[in-house]
file structure09.txt (compact mmCIF, C-alpha atoms)
# COMPACT_ATOMS: atom_id res chain seq x y z
CA MET A 1 161.81 -79.24 42.82
CA GLU A 2 164.24 -81.05 40.56
CA LEU A 3 163.54 -84.64 39.62
CA LYS A 4 166.42 -86.19 41.57
CA LYS A 5 165.40 -84.55 44.81
CA GLN A 6 161.77 -85.32 44.16
CA MET A 7 162.64 -89.01 43.88
CA GLN A 8 164.81 -88.92 46.99
CA ILE A 9 162.01 -87.35 49.00
CA SER A 10 159.47 -89.85 47.66
CA MET A 11 161.80 -92.66 48.65
CA LEU A 12 162.22 -91.30 52.17
CA LEU A 13 158.47 -90.77 52.48
CA THR A 14 157.79 -94.37 51.43
CA LEU A 15 160.36 -95.56 53.95
CA ALA A 16 158.75 -93.52 56.73
CA VAL A 17 155.28 -94.85 55.91
CA VAL A 18 156.47 -98.48 55.75
CA ILE A 19 158.40 -98.18 59.04
CA SER A 20 155.38 -96.59 60.68
CA ILE A 21 153.01 -99.33 59.56
CA ILE A 22 155.39 -102.19 60.42
CA GLU A 23 155.98 -100.66 63.83
CA SER A 24 152.25 -100.54 64.54
CA PHE A 25 152.09 -104.32 64.00
CA PHE A 26 154.47 -104.98 66.88
CA PRO A 27 152.81 -104.21 70.17
CA VAL A 28 155.98 -105.10 72.10
CA PHE A 29 156.14 -101.80 73.92
CA ASN A 30 152.37 -101.63 74.29
CA ASN A 31 152.66 -104.04 77.19
CA LEU A 32 154.77 -101.54 79.09
CA ILE A 33 152.81 -98.40 78.31
CA PRO A 34 149.67 -98.62 76.16
CA GLY A 35 150.09 -96.98 72.78
CA PHE A 36 153.82 -96.47 73.18
CA LYS A 37 156.00 -96.85 70.10
CA LEU A 38 159.71 -96.35 69.62
CA GLY A 39 159.07 -93.89 66.79
CA LEU A 40 161.56 -95.29 64.29
CA ALA A 41 159.91 -93.37 61.45
CA ASN A 42 161.23 -90.20 63.06
CA ALA A 43 164.72 -91.33 61.95
CA VAL A 44 163.60 -90.62 58.39
CA VAL A 45 162.27 -87.17 59.32
CA LEU A 46 165.52 -86.44 61.18
CA PHE A 47 167.50 -87.53 58.14
CA ALA A 48 165.52 -85.12 55.95
CA LEU A 49 165.94 -82.36 58.52
CA PHE A 50 169.73 -82.75 58.72
CA VAL A 51 170.52 -83.66 55.09
CA PHE A 52 167.89 -81.60 53.27
CA SER A 53 165.96 -78.82 54.95
CA PHE A 54 163.29 -78.02 57.50
CA LYS A 55 160.77 -77.57 54.68
CA ASP A 56 161.45 -81.05 53.28
CA ALA A 57 161.24 -82.59 56.75
CA VAL A 58 157.84 -80.92 57.31
CA TYR A 59 156.75 -82.22 53.92
CA ILE A 60 157.74 -85.82 54.72
CA SER A 61 156.34 -85.70 58.23
CA PHE A 62 152.97 -84.32 57.11
CA LEU A 63 152.56 -86.65 54.12
CA LYS A 64 153.55 -89.61 56.29
CA VAL A 65 150.67 -88.90 58.67
CA LEU A 66 148.32 -88.45 55.71
CA LEU A 67 149.37 -91.73 54.04
CA VAL A 68 149.37 -93.80 57.24
CA GLY A 69 145.94 -92.30 57.89
CA ILE A 70 144.66 -93.45 54.50
CA LEU A 71 146.26 -96.89 54.78
CA ARG A 72 145.70 -97.77 58.42
CA THR A 73 143.45 -95.71 60.62
CA GLY A 74 141.20 -93.90 58.17
CA LEU A 75 141.62 -90.36 56.94
CA PHE A 76 140.32 -87.60 59.26
CA SER A 77 139.50 -90.14 61.98
CA VAL A 78 140.23 -89.30 65.61
CA THR A 79 143.39 -91.39 65.48
CA PHE A 80 144.46 -89.44 62.40
CA PHE A 81 144.16 -86.07 64.16
CA PHE A 82 145.84 -87.56 67.21
CA SER A 83 148.87 -88.55 65.09
CA LEU A 84 148.77 -85.26 63.21
CA SER A 85 148.94 -83.12 66.35
CA GLY A 86 151.92 -85.13 67.60
CA ALA A 87 153.70 -84.87 64.26
CA VAL A 88 153.05 -81.13 63.84
CA LEU A 89 154.29 -80.15 67.31
CA SER A 90 157.22 -82.57 66.98
CA ILE A 91 158.51 -81.24 63.65
CA LEU A 92 157.99 -77.58 64.63
CA MET A 93 159.95 -78.02 67.86
CA MET A 94 162.70 -80.05 66.14
CA GLY A 95 163.05 -77.27 63.57
CA PHE A 96 163.05 -74.62 66.28
CA PHE A 97 165.68 -76.37 68.43
CA LYS A 98 167.82 -77.11 65.38
CA THR A 99 168.09 -73.39 64.51
CA SER A 100 170.02 -72.88 67.77
CA ASP A 101 172.81 -75.09 66.33
CA LYS A 102 173.64 -76.21 69.86
CA PHE A 103 172.19 -79.71 69.93
CA SER A 104 173.34 -82.78 68.03
CA ILE A 105 170.97 -84.98 66.04
CA ILE A 106 170.47 -87.04 69.22
CA GLY A 107 169.29 -83.97 71.13
CA ILE A 108 166.94 -83.01 68.31
CA SER A 109 165.62 -86.58 68.25
CA ILE A 110 164.79 -86.33 71.97
CA VAL A 111 163.01 -83.00 71.34
CA GLY A 112 161.00 -84.72 68.58
CA ALA A 113 160.09 -87.71 70.75
CA VAL A 114 159.09 -85.57 73.75
CA PHE A 115 156.94 -83.14 71.77
CA HIS A 116 155.36 -85.91 69.72
CA GLY A 117 153.96 -87.28 72.96
CA VAL A 118 153.12 -83.85 74.38
CA GLY A 119 151.29 -82.88 71.17
CA GLN A 120 149.16 -86.00 71.37
CA ILE A 121 148.36 -85.43 75.03
CA LEU A 122 147.37 -81.82 74.33
CA PHE A 123 145.06 -83.00 71.56
CA ALA A 124 143.55 -85.68 73.83
CA THR A 125 143.02 -83.08 76.59
CA PHE A 126 141.07 -80.75 74.33
CA TYR A 127 139.25 -83.50 72.50
CA MET A 128 138.13 -85.33 75.64
CA GLU A 129 137.70 -82.13 77.67
CA SER A 130 139.46 -83.70 80.62
CA TYR A 131 142.36 -81.72 82.03
CA LYS A 132 143.39 -84.67 84.16
CA ILE A 133 144.94 -86.18 81.03
CA LEU A 134 147.74 -83.60 81.35
CA ASN A 135 148.95 -85.62 84.38
CA ILE A 136 150.39 -88.15 81.94
CA ILE A 137 152.90 -85.63 80.50
CA PRO A 138 155.74 -86.32 83.01
CA LEU A 139 155.54 -90.06 82.29
CA ILE A 140 155.42 -89.39 78.54
CA ILE A 141 158.58 -87.27 78.81
CA LEU A 142 160.33 -89.90 80.94
CA ILE A 143 159.76 -92.66 78.38
CA SER A 144 160.43 -90.35 75.43
CA ILE A 145 164.00 -89.66 76.58
CA PRO A 146 165.31 -93.24 76.04
CA SER A 147 163.32 -93.75 72.83
CA GLY A 148 164.56 -90.38 71.55
CA ILE A 149 168.16 -91.38 72.33
CA VAL A 150 167.82 -94.75 70.53
CA VAL A 151 166.25 -93.17 67.42
CA GLY A 152 168.81 -90.34 67.58
CA ILE A 153 171.80 -92.70 67.64
CA LEU A 154 170.31 -94.62 64.73
CA SER A 155 169.68 -91.40 62.77
CA LYS A 156 173.23 -90.25 63.41
CA LYS A 157 174.61 -93.45 61.90
CA ILE A 158 172.25 -93.23 58.92
CA VAL A 159 173.15 -89.60 58.25
CA LEU A 160 176.91 -90.33 58.44
CA HIS A 161 176.56 -93.32 56.18
CA TYR A 162 174.20 -92.00 53.50
CA ARG A 163 174.74 -88.24 53.47
CA GLU A 164 176.94 -88.33 50.34
CA ASP A 165 174.47 -90.46 48.39
CA PHE A 166 171.80 -87.83 48.90
CA ALA A 167 173.90 -84.72 48.27
CA MET B 1 175.98 -86.46 71.94
CA ASN B 2 177.31 -83.09 73.07
CA LYS B 3 177.12 -81.21 76.37
CA TYR B 4 173.93 -79.39 75.35
CA ASP B 5 172.23 -82.74 74.68
CA PHE B 6 173.27 -83.95 78.13
CA PHE B 7 172.08 -80.72 79.69
CA MET B 8 168.70 -81.05 77.99
CA ILE B 9 168.36 -84.70 79.06
CA PHE B 10 169.22 -83.70 82.63
CA ILE B 11 166.64 -80.88 82.70
CA LEU B 12 163.88 -82.99 81.09
CA PHE B 13 164.60 -85.99 83.28
CA SER B 14 164.68 -84.14 86.60
CA LEU B 15 161.67 -81.92 85.84
CA SER B 16 159.48 -84.80 84.71
CA LEU B 17 160.60 -86.95 87.62
CA VAL B 18 159.70 -84.22 90.13
CA PHE B 19 156.29 -83.64 88.50
CA TYR B 20 155.70 -87.36 88.24
CA PHE B 21 156.04 -87.80 92.00
CA ILE B 22 154.02 -84.66 92.76
CA LEU B 23 151.13 -85.83 90.57
CA ASN B 24 151.26 -89.51 91.52
CA SER B 25 150.58 -89.33 95.21
CA GLY B 26 149.51 -92.97 95.17
CA ALA B 27 146.37 -92.44 97.23
CA SER B 28 143.74 -94.96 96.24
CA ALA B 29 140.58 -93.73 94.58
CA SER B 30 137.06 -94.38 95.83
CA ILE B 31 134.97 -93.14 92.93
CA ALA B 32 135.36 -93.36 89.16
CA LEU B 33 133.78 -90.68 86.99
CA VAL B 34 132.99 -91.88 83.51
CA LYS B 35 132.88 -88.97 81.07
CA TYR B 36 131.69 -88.79 77.51
CA ASP B 37 132.49 -85.65 75.56
CA GLY B 38 133.43 -83.87 78.78
CA GLU B 39 130.13 -84.69 80.53
CA ILE B 40 129.89 -87.09 83.47
CA ILE B 41 127.65 -89.93 82.28
CA LYS B 42 128.24 -92.41 85.10
CA GLU B 43 129.59 -92.41 88.61
CA ILE B 44 130.99 -95.73 89.76
CA ASP B 45 131.52 -96.57 93.42
CA LEU B 46 134.79 -98.48 93.61
CA SER B 47 134.15 -99.75 97.14
CA LYS B 48 131.32 -102.02 95.96
CA PRO B 49 132.53 -105.57 96.73
CA GLY B 50 133.10 -108.28 94.14
CA SER B 51 133.15 -108.02 90.38
CA ASN B 52 130.73 -105.51 88.87
CA LEU B 53 130.08 -104.80 85.21
CA TYR B 54 128.93 -101.46 83.84
CA GLU B 55 128.09 -100.44 80.32
CA VAL B 56 128.25 -96.97 78.78
CA GLN B 57 127.78 -95.74 75.25
CA GLY B 58 130.94 -94.51 73.51
CA ALA B 59 131.38 -92.90 70.09
CA ASN B 60 132.05 -96.33 68.50
CA GLY B 61 129.56 -98.35 70.50
CA LYS B 62 129.35 -99.76 74.00
CA VAL B 63 132.22 -99.59 76.45
CA VAL B 64 132.15 -102.30 79.11
CA ILE B 65 133.76 -101.45 82.44
CA GLU B 66 134.57 -103.85 85.26
CA THR B 67 135.31 -103.06 88.88
CA LEU B 68 136.84 -105.48 91.37
CA ASP B 69 137.85 -104.66 94.94
CA GLY B 70 138.63 -100.99 94.37
CA LYS B 71 140.19 -101.51 90.95
CA ILE B 72 138.68 -100.56 87.60
CA ARG B 73 139.32 -101.52 83.99
CA VAL B 74 137.76 -101.42 80.55
CA ILE B 75 137.15 -104.93 79.23
CA GLU B 76 135.41 -104.27 75.94
CA GLU B 77 135.31 -101.40 73.44
CA THR B 78 135.61 -100.79 69.73
CA SER B 79 138.73 -98.94 68.58
CA PRO B 80 141.65 -99.43 66.14
CA TYR B 81 144.27 -100.32 68.76
CA ASN B 82 142.16 -101.14 71.85
CA ILE B 83 144.56 -99.14 73.95
CA CYS B 84 142.19 -98.48 76.85
CA SER B 85 141.18 -102.12 77.31
CA LYS B 86 144.82 -103.27 77.07
CA MET B 87 145.74 -100.85 79.86
CA GLY B 88 144.53 -103.20 82.56
CA TRP B 89 143.57 -102.26 86.11
CA SER B 90 143.70 -98.77 87.59
CA SER B 91 143.15 -97.94 91.23
CA SER B 92 145.19 -94.87 92.15
CA GLU B 93 143.72 -91.38 92.45
CA SER B 94 146.16 -90.12 89.83
CA ASP B 95 145.12 -92.74 87.26
CA ILE B 96 143.07 -92.01 84.22
CA ILE B 97 141.74 -94.34 81.55
CA VAL B 98 141.41 -92.71 78.15
CA CYS B 99 139.44 -94.36 75.34
CA LEU B 100 140.21 -91.71 72.75
CA PRO B 101 138.34 -93.08 69.70
CA ASN B 102 135.30 -93.65 71.92
CA LYS B 103 135.58 -90.19 73.49
CA VAL B 104 135.22 -91.89 76.87
CA VAL B 105 137.46 -91.04 79.77
CA ILE B 106 137.41 -92.57 83.25
CA GLU B 107 138.77 -90.26 85.94
CA LEU B 108 139.57 -91.75 89.31
CA VAL B 109 138.95 -89.53 92.31
CA SER B 110 138.94 -89.89 96.06
CA THR B 111 135.93 -88.78 98.09
CA GLU B 112 137.77 -85.74 99.43
CA VAL B 113 138.21 -84.38 95.92
CA ASP B 114 134.63 -85.36 95.20
CA THR B 115 133.23 -82.99 97.83
CA ILE B 116 135.13 -80.16 96.16
CA ILE B 117 133.59 -80.98 92.79
CA TYR B 118 130.00 -80.85 94.00
call {"tool": "encode", "arguments": {"input": "structure09.txt", "output": "structure tokens"}}
result
Amino acid sequence: MELKKQMQISMLLTLAVVISIIESFFPVFNNLIPGFKLGLANAVVLFALFVFSFKDAVYISFLKVLLVGILRTGLFSVTFFFSLSGAVLSILMMGFFKTSDKFSIIGISIVGAVFHGVGQILFATFYMESYKILNIIPLIILISIPSGIVVGILSKKIVLHYREDFA
Amino acid sequence: MNKYDFFMIFILFSLSLVFYFILNSGASASIALVKYDGEIIKEIDLSKPGSNLYEVQGANGKVVIETLDGKIRVIEETSPYNICSKMGWSSSESDIIVCLPNKVVIELVSTEVDTIIY
């Protein structure tokens, strides 16, 4: 990896980690649905996915979970694996849906938001051994649609504005 | 946003809405099953009048549960975000309280379902 790109990716990674941590300090949405976040850090992953490549987006997404784990929740804690399962399913599905070349960045953002939630629920189901947890999936999808749209619109603006600087 | 995005939103929205209403029948629960690591460790009768406190052992320490007139909530537990105690009251058969870091889950069931379980 050349130095310039290495620095760009490090910068994006830092941004994603900082956004993630700041977002966890504001429990605004927690009052509506416990544990719910807008997922603004996904804008950074989307940026990497659309400006760089799938590989770089996976890299940022994975390292973000690792760093937030070290800084906030503790590495290899339950919360860490909970975040990791959401992030892994989210980035894989975003990459998969992007290969179709049919959806815009907003559509891909919704895919990311939906599968982030679904990934976490699947982990919780297996971890807690309670299949009733799966009942939450429809609600998770319903709230992921608006948050995915908001993050998607934001990502679209960021990509349009900064694409040249990162080329 | 293009037409495929709209199509996807439409499909996701309508499917989840349909499943949401199928799963959330709204019937009120009569029994709460407290599970730790998949095993039932306590059965709480929700019809017991007044405020009742129960204590179970979670992965991070004790989890204090309160019931009041058919409703149930977690009032004390140790976890990074305290999501399950911030959730508040649950009373419907479709509700579930998940204390992930504590590995404790409270499933609400009605007596009819209960007879099927045993």
call {"tool": "residues_around", "arguments": {"input": "structure09.txt", "residues": "segment 112-128 of chain A", "least_positions_apart": "4", "cutoff": "6 Å", "atoms": "all atoms listed in the file", "output": "PDB file with C-alpha atoms, in the frame of the given file"}}
result
ATOM      1  CA  PHE A  82     145.840 -87.560  67.210  1.00  0.00           C
ATOM      2  CA  SER A  85     148.940 -83.120  66.350  1.00  0.00           C
ATOM      3  CA  GLY A  86     151.920 -85.130  67.600  1.00  0.00           C
ATOM      4  CA  ALA A  87     153.700 -84.870  64.260  1.00  0.00           C
ATOM      5  CA  LEU A  89     154.290 -80.150  67.310  1.00  0.00           C
ATOM      6  CA  SER A  90     157.220 -82.570  66.980  1.00  0.00           C
ATOM      7  CA  MET A  94     162.700 -80.050  66.140  1.00  0.00           C
ATOM      8  CA  ILE A 133     144.940 -86.180  81.030  1.00  0.00           C
ATOM      9  CA  ILE A 141     158.580 -87.270  78.810  1.00  0.00           C
ATOM     10  CA  SER A 144     160.430 -90.350  75.430  1.00  0.00           C
ATOM     11  CA  GLY A 148     164.560 -90.380  71.550  1.00  0.00           C
TER      12      GLY A 148
ATOM     13  CA  ASP B  37     132.490 -85.650  75.560  1.00  0.00           C
ATOM     14  CA  GLY B  38     133.430 -83.870  78.780  1.00  0.00           C
ATOM     15  CA  LYS B 103     135.580 -90.190  73.490  1.00  0.00           C
TER      16      LYS B 103
END
call {"tool": "residues_around", "arguments": {"input": "structure09.txt", "residues": "Ser28 of chain B", "least_positions_apart": "5", "cutoff": "8 Å", "atoms": "all atoms listed in the file", "output": "NGL selection string"}}
result
:B and (91-93 or 110)
call {"tool": "interface_residues", "arguments": {"input": "structure09.txt", "of": "chain B", "to": "chain A", "cutoff": "7 Å", "atoms": "all atoms listed in the file", "output": "list in words"}}
result
Met1, Asn2, Tyr4, Asp5, Phe13, Ser16, Leu17, Phe19, Tyr20, Leu23, Asp37, Gly38, Pro80, Ile83, Lys86, Met87, Ile96, Leu100, Pro101 and Lys103 of chain B
call {"tool": "residues_around", "arguments": {"input": "structure09.txt", "residues": "Val64 of chain B", "least_positions_apart": "4", "cutoff": "8 Å", "atoms": "all atoms listed in the file", "output": "ChimeraX atom specification"}}
result
/B:53-56,74-77
call {"tool": "residues_near_point", "arguments": {"input": "structure09.txt", "point": "(127.4, -102.5, 94.5)", "cutoff": "12 Å", "atoms": "only C-alpha atoms", "output": "ChimeraX atom specification"}}
result
/B:43-54,66-70
call {"tool": "atom_distance", "arguments": {"input": "structure09.txt", "atom1": "atom CA of Val104 of chain B", "atom2": "atom CA of Lys42 of chain B"}}
result
10.8 Å
call {"tool": "atom_distance", "arguments": {"input": "structure09.txt", "atom1": "atom CA of Gly95 of chain A", "atom2": "atom CA of Gly39 of chain A"}}
result
17.4 Å
call {"tool": "residues_around", "arguments": {"input": "structure09.txt", "residues": "Asp95 of chain B", "least_positions_apart": "5", "cutoff": "8 Å", "atoms": "only C-alpha atoms", "output": "number ranges by chain"}}
result
B: 90, 107-108
call {"tool": "write_last_selection", "arguments": {"input": "structure09.txt", "atoms": "C-alpha atoms", "output": "compact mmCIF listing (two decimals), in the coordinates of the input"}}
result
# COMPACT_ATOMS: atom_id res chain seq x y z
CA SER B 90 143.70 -98.77 87.59
CA GLU B 107 138.77 -90.26 85.94
CA LEU B 108 139.57 -91.75 89.31
